[in-house]
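Undergrad: This is the content of work.txt (compact mmCIF, C-alpha atoms):
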```txt
# COMPACT_ATOMS: atom_id res chain seq x y z
CA MET A 1 0.00 0.00 0.00
CA VAL A 2 2.85 2.36 0.88
CA SER A 3 4.67 1.39 -2.32
CA LYS A 4 1.58 2.23 -4.38
CA ALA A 5 1.25 5.62 -2.67
CA ASN A 6 4.93 6.36 -3.26
CA SER A 7 4.60 5.34 -6.91
CA ASN A 8 1.59 7.60 -7.36
CA LEU A 9 3.44 10.49 -5.70
CA ALA A 10 6.40 9.97 -8.04
CA VAL A 11 4.13 10.12 -11.08
CA ARG A 12 2.45 13.26 -9.75
CA VAL A 13 5.81 14.96 -9.16
CA ALA A 14 7.05 13.97 -12.62
CA THR A 15 3.88 15.35 -14.20
CA ALA A 16 4.28 18.64 -12.34
CA LEU A 17 7.96 18.90 -13.31
CA VAL A 18 7.03 18.55 -16.97
CA ALA A 19 3.86 20.67 -17.00
CA GLY A 20 5.05 23.45 -14.68
CA PRO A 21 7.92 24.84 -16.78
CA LEU A 22 5.83 24.62 -19.95
CA ILE A 23 3.03 26.63 -18.38
CA VAL A 24 5.44 29.25 -17.01
CA LEU A 25 7.23 29.54 -20.37
CA LEU A 26 3.97 30.06 -22.22
CA LEU A 27 2.77 32.54 -19.60
CA TYR A 28 5.81 34.79 -19.62
CA LYS A 29 7.08 34.39 -23.18
CA GLY A 30 3.94 33.70 -25.19
CA PRO A 31 1.09 36.03 -26.18
CA PRO A 32 -2.07 36.16 -24.01
CA TRP A 33 -4.07 34.29 -26.65
CA GLY A 34 -1.45 31.53 -26.61
CA PHE A 35 -2.14 30.87 -22.94
CA TYR A 36 -5.87 30.95 -23.65
CA LEU A 37 -5.35 28.24 -26.27
CA LEU A 38 -4.00 26.12 -23.42
CA VAL A 39 -6.81 27.03 -21.03
CA LEU A 40 -9.73 26.50 -23.41
CA PRO A 41 -9.05 22.80 -24.21
CA ALA A 42 -8.53 22.13 -20.50
CA ALA A 43 -11.91 23.71 -19.76
CA LEU A 44 -13.61 21.67 -22.48
CA VAL A 45 -12.06 18.40 -21.30
CA GLY A 46 -13.09 19.26 -17.73
CA ALA A 47 -16.63 19.97 -18.92
CA TRP A 48 -16.68 16.67 -20.80
CA GLU A 49 -15.66 14.85 -17.62
CA LEU A 50 -18.32 16.66 -15.62
CA PHE A 51 -21.12 15.89 -18.05
CA ASN A 52 -19.93 12.29 -18.33
CA MET A 53 -20.68 12.07 -14.63
CA THR A 54 -23.96 13.96 -14.56
CA HIS A 55 -25.30 12.77 -17.95
CA ALA A 56 -23.87 9.26 -18.19
CA GLY A 57 -24.98 7.47 -21.35
CA SER A 58 -26.38 10.56 -23.09
CA ARG A 59 -23.79 11.62 -25.65
CA PRO A 60 -25.94 14.43 -27.17
CA ALA A 61 -26.46 15.98 -23.72
CA GLN A 62 -22.75 15.69 -22.94
CA MET A 63 -21.86 17.40 -26.21
CA ALA A 64 -24.42 20.14 -25.55
CA GLY A 65 -22.86 20.80 -22.13
CA VAL A 66 -19.39 21.04 -23.65
CA ALA A 67 -20.71 23.38 -26.37
CA MET A 68 -22.27 25.64 -23.73
CA THR A 69 -18.98 25.66 -21.83
CA ALA A 70 -17.11 26.66 -24.99
CA ALA A 71 -19.61 29.44 -25.71
CA ALA A 72 -19.38 30.79 -22.16
CA SER A 73 -15.58 30.73 -22.21
CA LEU A 74 -15.29 32.38 -25.64
CA ALA A 75 -17.81 35.05 -24.68
CA MET A 76 -15.77 35.93 -21.59
CA TRP A 77 -12.47 35.96 -23.50
CA PHE A 78 -13.74 38.31 -26.19
CA SER A 79 -15.79 40.48 -23.82
CA ASP A 80 -12.85 42.80 -23.04
CA GLY A 81 -14.24 43.38 -19.58
CA ASP A 82 -17.75 44.28 -20.72
CA ALA A 83 -19.95 43.51 -17.70
CA ARG A 84 -23.02 43.15 -19.93
CA ILE A 85 -21.54 40.05 -21.56
CA PHE A 86 -20.67 38.52 -18.20
CA VAL A 87 -24.20 39.09 -16.89
CA THR A 88 -25.69 37.67 -20.09
CA VAL A 89 -23.62 34.49 -19.75
CA VAL A 90 -24.44 34.05 -16.07
CA VAL A 91 -28.17 34.57 -16.67
CA LEU A 92 -28.60 32.55 -19.87
CA ALA A 93 -26.68 29.40 -18.92
CA PRO A 94 -28.93 28.40 -15.97
CA LEU A 95 -32.02 29.13 -18.07
CA LEU A 96 -30.84 26.94 -20.93
CA GLY A 97 -30.21 23.97 -18.64
CA PRO A 98 -33.86 22.97 -18.09
CA MET A 99 -34.75 23.82 -21.70
CA LEU A 100 -32.10 21.50 -23.11
CA THR A 101 -33.10 18.78 -20.65
CA LEU A 102 -36.55 18.80 -22.24
CA ILE A 103 -34.90 17.61 -25.45
CA TRP A 104 -33.08 14.70 -23.79
CA LEU A 105 -35.47 13.90 -20.97
CA GLY A 106 -34.24 10.48 -19.88
CA ASP A 107 -35.22 9.18 -16.45
CA MET A 108 -37.74 11.57 -14.92
CA LYS A 109 -36.40 10.83 -11.43
CA THR A 110 -33.05 12.43 -12.27
CA ALA A 111 -34.27 15.06 -14.75
CA ALA A 112 -34.21 17.93 -12.23
CA LEU A 113 -30.62 17.18 -11.18
CA ARG A 114 -29.50 16.89 -14.80
CA ALA A 115 -31.25 20.15 -15.67
CA CYS A 116 -29.41 21.94 -12.88
CA ALA A 117 -26.10 20.34 -13.88
CA MET A 118 -26.59 21.43 -17.50
CA GLY A 119 -27.17 25.03 -16.42
CA PHE A 120 -24.50 25.13 -13.75
CA GLY A 121 -21.73 23.05 -15.36
CA PRO A 122 -20.54 25.57 -17.97
CA LEU A 123 -20.23 28.24 -15.27
CA PHE A 124 -18.59 25.88 -12.79
CA VAL A 125 -15.84 24.72 -15.15
CA GLY A 126 -15.61 27.24 -17.99
CA LEU A 127 -15.58 30.61 -16.28
CA PRO A 128 -13.02 29.97 -13.50
CA LEU A 129 -10.45 28.51 -15.90
CA THR A 130 -11.09 31.31 -18.38
CA SER A 131 -10.45 33.80 -15.58
CA LEU A 132 -6.82 32.60 -15.55
CA ALA A 133 -6.46 33.66 -19.17
CA LEU A 134 -8.22 36.94 -18.39
CA LEU A 135 -5.71 37.64 -15.62
CA ARG A 136 -2.89 37.12 -18.10
CA LYS A 137 -4.62 39.29 -20.69
CA GLY A 138 -5.88 42.14 -18.54
CA LEU A 139 -3.03 43.02 -16.16
CA PRO A 140 0.50 44.32 -16.83
CA ASN A 141 1.81 41.71 -14.37
CA GLY A 142 -0.99 39.26 -15.14
CA ALA A 143 1.35 36.30 -15.57
CA GLY A 144 2.41 36.68 -11.93
CA TYR A 145 -1.20 36.62 -10.75
CA VAL A 146 -1.85 33.50 -12.82
CA VAL A 147 1.13 31.81 -11.21
CA VAL A 148 0.07 32.79 -7.71
CA ALA A 149 -3.47 31.47 -8.32
CA ILE A 150 -1.96 28.17 -9.45
CA LEU A 151 0.42 28.08 -6.48
CA PHE A 152 -2.44 28.67 -4.04
CA ALA A 153 -3.93 25.43 -5.35
CA TRP A 154 -0.71 23.44 -5.82
CA PHE A 155 0.95 24.42 -2.54
CA GLY A 156 -2.36 23.98 -0.75
CA ASP A 157 -2.77 20.51 -2.23
CA SER A 158 0.82 19.54 -1.41
CA GLY A 159 0.67 20.97 2.11
CA GLY A 160 -2.58 19.14 2.74
CA TYR A 161 -1.18 15.87 1.35
CA PHE A 162 1.95 15.82 3.50
CA ALA A 163 0.32 17.19 6.65
CA GLY A 164 -2.48 14.68 6.33
CA ARG A 165 -0.12 11.81 5.64
CA PHE A 166 2.20 12.47 8.59
CA PHE A 167 -0.07 14.15 11.13
CA GLY A 168 -3.64 13.39 10.06
CA LYS A 169 -5.79 11.89 12.81
CA HIS A 170 -9.14 13.69 12.80
CA LYS A 171 -11.46 13.28 9.82
CA LEU A 172 -12.48 16.48 8.06
CA TYR A 173 -15.60 15.35 6.13
CA GLU A 174 -15.65 11.57 6.08
CA ALA A 175 -18.96 11.21 4.25
CA VAL A 176 -17.54 13.03 1.20
CA SER A 177 -13.78 12.37 1.36
CA PRO A 178 -12.78 9.68 3.89
CA LYS A 179 -9.03 10.31 3.62
CA LYS A 180 -9.05 14.06 4.28
CA THR A 181 -8.23 15.23 7.79
CA ILE A 182 -8.41 18.44 9.79
CA GLU A 183 -4.62 18.37 10.13
CA GLY A 184 -4.33 18.06 6.36
CA SER A 185 -6.67 21.01 5.91
CA ILE A 186 -4.52 23.16 8.20
CA GLY A 187 -1.42 22.06 6.30
CA GLY A 188 -3.13 23.08 3.08
CA LEU A 189 -3.78 26.57 4.40
CA VAL A 190 -0.14 26.84 5.47
CA GLY A 191 0.89 25.79 1.97
CA SER A 192 -1.27 28.50 0.39
CA VAL A 193 0.21 31.12 2.73
CA VAL A 194 3.71 29.96 1.79
CA ALA A 195 2.71 30.51 -1.86
CA ALA A 196 1.72 34.10 -1.07
CA VAL A 197 5.00 34.78 0.74
CA LEU A 198 6.98 33.21 -2.10
CA ALA A 199 5.12 35.33 -4.65
CA TYR A 200 5.87 38.54 -2.74
CA VAL A 201 9.55 37.73 -2.25
CA TRP A 202 10.24 36.27 -5.69
CA PHE A 203 8.04 37.32 -8.58
CA LEU A 204 5.03 39.43 -7.51
CA PRO A 205 6.07 42.16 -5.02
CA SER A 206 2.96 44.16 -5.92
CA LEU A 207 0.94 41.55 -3.99
CA THR A 208 1.94 42.77 -0.54
CA LEU A 209 1.77 40.42 2.42
CA ALA A 210 -1.04 42.55 3.88
CA HIS A 211 -3.13 41.50 0.87
CA GLY A 212 -1.43 38.26 -0.09
CA ILE A 213 -1.84 36.38 3.17
CA PRO A 214 -5.60 37.08 3.57
CA LEU A 215 -6.05 36.27 -0.13
CA ALA A 216 -4.15 33.00 0.37
CA LEU A 217 -6.28 32.04 3.36
CA VAL A 218 -9.55 32.78 1.53
CA ALA A 219 -8.45 31.16 -1.72
CA GLY A 220 -6.92 28.21 0.10
CA ALA A 221 -9.97 27.55 2.29
CA LEU A 222 -12.42 27.89 -0.60
CA GLY A 223 -10.10 25.84 -2.80
CA GLN A 224 -10.35 22.99 -0.29
CA ALA A 225 -14.12 23.37 -0.40
CA GLY A 226 -13.91 23.12 -4.19
CA ASP A 227 -11.91 19.91 -3.81
CA LEU A 228 -14.59 18.51 -1.51
CA GLY A 229 -17.30 19.65 -3.93
CA GLU A 230 -15.71 17.70 -6.77
CA SER A 231 -15.38 14.66 -4.48
CA LEU A 232 -19.09 15.02 -3.74
CA LEU A 233 -19.89 14.96 -7.46
CA LYS A 234 -17.80 11.83 -7.97
CA ARG A 235 -19.19 9.94 -4.98
CA SER A 236 -22.78 10.84 -5.82
CA THR A 237 -22.34 9.55 -9.39
CA GLY A 238 -20.30 6.48 -8.45
CA VAL A 239 -17.09 7.64 -10.15
CA LYS A 240 -13.61 7.14 -8.67
CA ASP A 241 -11.73 9.53 -10.97
CA SER A 242 -13.24 12.11 -13.31
CA GLY A 243 -10.94 10.86 -16.08
CA ALA A 244 -7.44 9.57 -16.79
CA ILE A 245 -5.90 12.26 -18.96
CA VAL A 246 -3.36 13.55 -16.41
CA PRO A 247 -0.77 10.92 -15.31
CA GLY A 248 -0.90 10.36 -11.56
CA HIS A 249 -3.80 12.76 -11.12
CA GLY A 250 -6.80 11.22 -12.88
CA GLY A 251 -8.82 13.63 -14.97
CA ILE A 252 -8.65 17.35 -15.55
CA LEU A 253 -11.30 17.96 -12.88
CA ASP A 254 -9.32 15.89 -10.40
CA ARG A 255 -6.35 18.18 -10.99
CA VAL A 256 -8.10 21.57 -11.13
CA ASP A 257 -10.85 21.14 -8.53
CA ALA A 258 -9.12 23.56 -6.15
CA LEU A 259 -7.74 25.70 -8.99
CA LEU A 260 -11.28 26.40 -10.22
CA VAL A 261 -11.81 28.28 -6.96
CA THR A 262 -8.38 29.83 -6.40
CA SER A 263 -8.36 31.24 -9.94
CA ALA A 264 -11.85 32.72 -9.54
CA VAL A 265 -10.98 34.22 -6.14
CA THR A 266 -7.74 35.71 -7.49
CA TYR A 267 -9.54 37.13 -10.51
CA VAL A 268 -12.23 38.74 -8.34
CA TYR A 269 -9.48 40.15 -6.11
CA SER A 270 -7.81 41.67 -9.18
CA LEU A 271 -11.06 43.34 -10.23
CA TRP A 272 -11.42 45.04 -6.86
CA PHE A 273 -7.85 45.76 -5.78
CA VAL A 274 -5.45 45.66 -8.76
CA HIS A 275 -5.42 48.73 -10.99
```
Take the structure I supplied and represent it as structure tokens, if you would.
TA:
Amino acid sequence: MVSKANSNLAVRVATALVAGPLIVLLLYKGPPWGFYLLVLPAALVGAWELFNMTHAGSRPAQMAGVAMTAAASLAMWFSDGDARIFVTVVVLAPLLGPMLTLIWLGDMKTAALRACAMGFGPLFVGLPLTSLALLRKGLPNGAGYVVVAILFAWFGDSGGYFAGRFFGKHKLYEAVSPKKTIEGSIGGLVGSVVAAVLAYVWFLPSLTLAHGIPLALVAGALGQAGDLGESLLKRSTGVKDSGAIVPGHGGILDRVDALLVTSAVTYVYSLWFVH
């Protein structure tokens, strides 16, 4: 059992060592649209995984959900900060969910849940990941804010993993995620704070500690909630991993469950406090 865990950790580290430098290179050396061309496929694969869980066996409904996610993401990318487009996307997507479910009705007992998933899914997956590309596009030091949003999730995940493995005794939310512990959760918050300190010292001095540490705590805590939320989706649909596209990590959703939240929180912070 320990050998299997060590093997999985090795694969995860190897994946991060390959993906990390490529993402940073594209962020700092490539054009904003180049990074978006990385984000958009990830969002569409994540949406596909989500709708495979919520609309199992209905390929037309799954494709419709992915198409809605693509439309929402593209609308946000080309909006250039126009709040009217954002409001239109947020209002229309939930309304279209029940309407599309009428076309592919399926089992009446699950129709309401599938209708909600169809309306919510594109916003849940598409908009947070697109916000990473919008950070890169909209701020002079946007690449740094993208990196810090990613580090909030990665350091939080790593801190939670090691703290839980070595010190974890008290279950955090056993009904949803049996392996997560309170000690692991605290370690995750420490990891997110370390990310904020590292950003200030190394590559993003404009994010002062007075702002960075509270942002890390909020993003880290909500990121853990996002992780639990994705675990809830998997357990309720009888799925172990959302997919198998990322070596050592499962699917895209398994890898970005916390990042969906940390990216959205960082983007909202930038709207209010970064000028």
Undergrad: Give me the residues near A:Val190 as an NGL selection string, where near means some atom within 9 Å (using only C-alpha atoms) and where sequence neighbours in that chain fewer than 4 positions away do not count.
TA: :A and (155-156 or 159-160 or 185-186 or 194-195 or 216-217 or 220)
Undergrad: Could you tell me how far atom CA of A:Ala67 lies from atom CA of A:Ala47, in Å and to one decimal?
TA: 9.2 Å
Undergrad: Just to confirm, what's the straight-line distance from atom CA of A:Ala133 to atom CA of A:Val39 in Å (one decimal)?
TA: 6.9 Å
Undergrad: Using all atoms listed in the file, find the one residue out of A:Thr101, A:Asn52, A:Thr181, A:Ser79 that sits nearest to A:Phe162.
TA: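 With all atoms listed in the file as the atom set, the closest residue is A:Thr181.
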Undergrad: Select, from A:Pro205, A:Gly138, A:Pro178, A:Gly238, the residue with the minimum atom-to-atom distance to A:Ser270, counting all atoms listed in the file.
TA: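 Under the stated criterion, the closest residue is A:Gly138.
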Undergrad: I need stretch 98-218 of chain A from the structure I supplied, saved as a short mmCIF file (atom, residue, chain, number, x, y, z; two decimals), in the first residue's frame with C-alpha atoms retained.
TA:
```cif
data_model
loop_
_atom_site.label_atom_id
_atom_site.label_comp_id
_atom_site.auth_asym_id
_atom_site.auth_seq_id
_atom_site.Cartn_x
_atom_site.Cartn_y
_atom_site.Cartn_z
CA PRO A 98 -33.86 22.97 -18.09
CA MET A 99 -34.75 23.82 -21.70
CA LEU A 100 -32.10 21.50 -23.11
CA THR A 101 -33.10 18.78 -20.65
CA LEU A 102 -36.55 18.80 -22.24
CA ILE A 103 -34.90 17.61 -25.45
CA TRP A 104 -33.08 14.70 -23.79
CA LEU A 105 -35.47 13.90 -20.97
CA GLY A 106 -34.24 10.48 -19.88
CA ASP A 107 -35.22 9.18 -16.45
CA MET A 108 -37.74 11.57 -14.92
CA LYS A 109 -36.40 10.83 -11.43
CA THR A 110 -33.05 12.43 -12.27
CA ALA A 111 -34.27 15.06 -14.75
CA ALA A 112 -34.21 17.93 -12.23
CA LEU A 113 -30.62 17.18 -11.18
CA ARG A 114 -29.50 16.89 -14.80
CA ALA A 115 -31.25 20.15 -15.67
CA CYS A 116 -29.41 21.94 -12.88
CA ALA A 117 -26.10 20.34 -13.88
CA MET A 118 -26.59 21.43 -17.50
CA GLY A 119 -27.17 25.03 -16.42
CA PHE A 120 -24.50 25.13 -13.75
CA GLY A 121 -21.73 23.05 -15.36
CA PRO A 122 -20.54 25.57 -17.97
CA LEU A 123 -20.23 28.24 -15.27
CA PHE A 124 -18.59 25.88 -12.79
CA VAL A 125 -15.84 24.72 -15.15
CA GLY A 126 -15.61 27.24 -17.99
CA LEU A 127 -15.58 30.61 -16.28
CA PRO A 128 -13.02 29.97 -13.50
CA LEU A 129 -10.45 28.51 -15.90
CA THR A 130 -11.09 31.31 -18.38
CA SER A 131 -10.45 33.80 -15.58
CA LEU A 132 -6.82 32.60 -15.55
CA ALA A 133 -6.46 33.66 -19.17
CA LEU A 134 -8.22 36.94 -18.39
CA LEU A 135 -5.71 37.64 -15.62
CA ARG A 136 -2.89 37.12 -18.10
CA LYS A 137 -4.62 39.29 -20.69
CA GLY A 138 -5.88 42.14 -18.54
CA LEU A 139 -3.03 43.02 -16.16
CA PRO A 140 0.50 44.32 -16.83
CA ASN A 141 1.81 41.71 -14.37
CA GLY A 142 -0.99 39.26 -15.14
CA ALA A 143 1.35 36.30 -15.57
CA GLY A 144 2.41 36.68 -11.93
CA TYR A 145 -1.20 36.62 -10.75
CA VAL A 146 -1.85 33.50 -12.82
CA VAL A 147 1.13 31.81 -11.21
CA VAL A 148 0.07 32.79 -7.71
CA ALA A 149 -3.47 31.47 -8.32
CA ILE A 150 -1.96 28.17 -9.45
CA LEU A 151 0.42 28.08 -6.48
CA PHE A 152 -2.44 28.67 -4.04
CA ALA A 153 -3.93 25.43 -5.35
CA TRP A 154 -0.71 23.44 -5.82
CA PHE A 155 0.95 24.42 -2.54
CA GLY A 156 -2.36 23.98 -0.75
CA ASP A 157 -2.77 20.51 -2.23
CA SER A 158 0.82 19.54 -1.41
CA GLY A 159 0.67 20.97 2.11
CA GLY A 160 -2.58 19.14 2.74
CA TYR A 161 -1.18 15.87 1.35
CA PHE A 162 1.95 15.82 3.50
CA ALA A 163 0.32 17.19 6.65
CA GLY A 164 -2.48 14.68 6.33
CA ARG A 165 -0.12 11.81 5.64
CA PHE A 166 2.20 12.47 8.59
CA PHE A 167 -0.07 14.15 11.13
CA GLY A 168 -3.64 13.39 10.06
CA LYS A 169 -5.79 11.89 12.81
CA HIS A 170 -9.14 13.69 12.80
CA LYS A 171 -11.46 13.28 9.82
CA LEU A 172 -12.48 16.48 8.06
CA TYR A 173 -15.60 15.35 6.13
CA GLU A 174 -15.65 11.57 6.08
CA ALA A 175 -18.96 11.21 4.25
CA VAL A 176 -17.54 13.03 1.20
CA SER A 177 -13.78 12.37 1.36
CA PRO A 178 -12.78 9.68 3.89
CA LYS A 179 -9.03 10.31 3.62
CA LYS A 180 -9.05 14.06 4.28
CA THR A 181 -8.23 15.23 7.79
CA ILE A 182 -8.41 18.44 9.79
CA GLU A 183 -4.62 18.37 10.13
CA GLY A 184 -4.33 18.06 6.36
CA SER A 185 -6.67 21.01 5.91
CA ILE A 186 -4.52 23.16 8.20
CA GLY A 187 -1.42 22.06 6.30
CA GLY A 188 -3.13 23.08 3.08
CA LEU A 189 -3.78 26.57 4.40
CA VAL A 190 -0.14 26.84 5.47
CA GLY A 191 0.89 25.79 1.97
CA SER A 192 -1.27 28.50 0.39
CA VAL A 193 0.21 31.12 2.73
CA VAL A 194 3.71 29.96 1.79
CA ALA A 195 2.71 30.51 -1.86
CA ALA A 196 1.72 34.10 -1.07
CA VAL A 197 5.00 34.78 0.74
CA LEU A 198 6.98 33.21 -2.10
CA ALA A 199 5.12 35.33 -4.65
CA TYR A 200 5.87 38.54 -2.74
CA VAL A 201 9.55 37.73 -2.25
CA TRP A 202 10.24 36.27 -5.69
CA PHE A 203 8.04 37.32 -8.58
CA LEU A 204 5.03 39.43 -7.51
CA PRO A 205 6.07 42.16 -5.02
CA SER A 206 2.96 44.16 -5.92
CA LEU A 207 0.94 41.55 -3.99
CA THR A 208 1.94 42.77 -0.54
CA LEU A 209 1.77 40.42 2.42
CA ALA A 210 -1.04 42.55 3.88
CA HIS A 211 -3.13 41.50 0.87
CA GLY A 212 -1.43 38.26 -0.09
CA ILE A 213 -1.84 36.38 3.17
CA PRO A 214 -5.60 37.08 3.57
CA LEU A 215 -6.05 36.27 -0.13
CA ALA A 216 -4.15 33.00 0.37
CA LEU A 217 -6.28 32.04 3.36
CA VAL A 218 -9.55 32.78 1.53
#
```
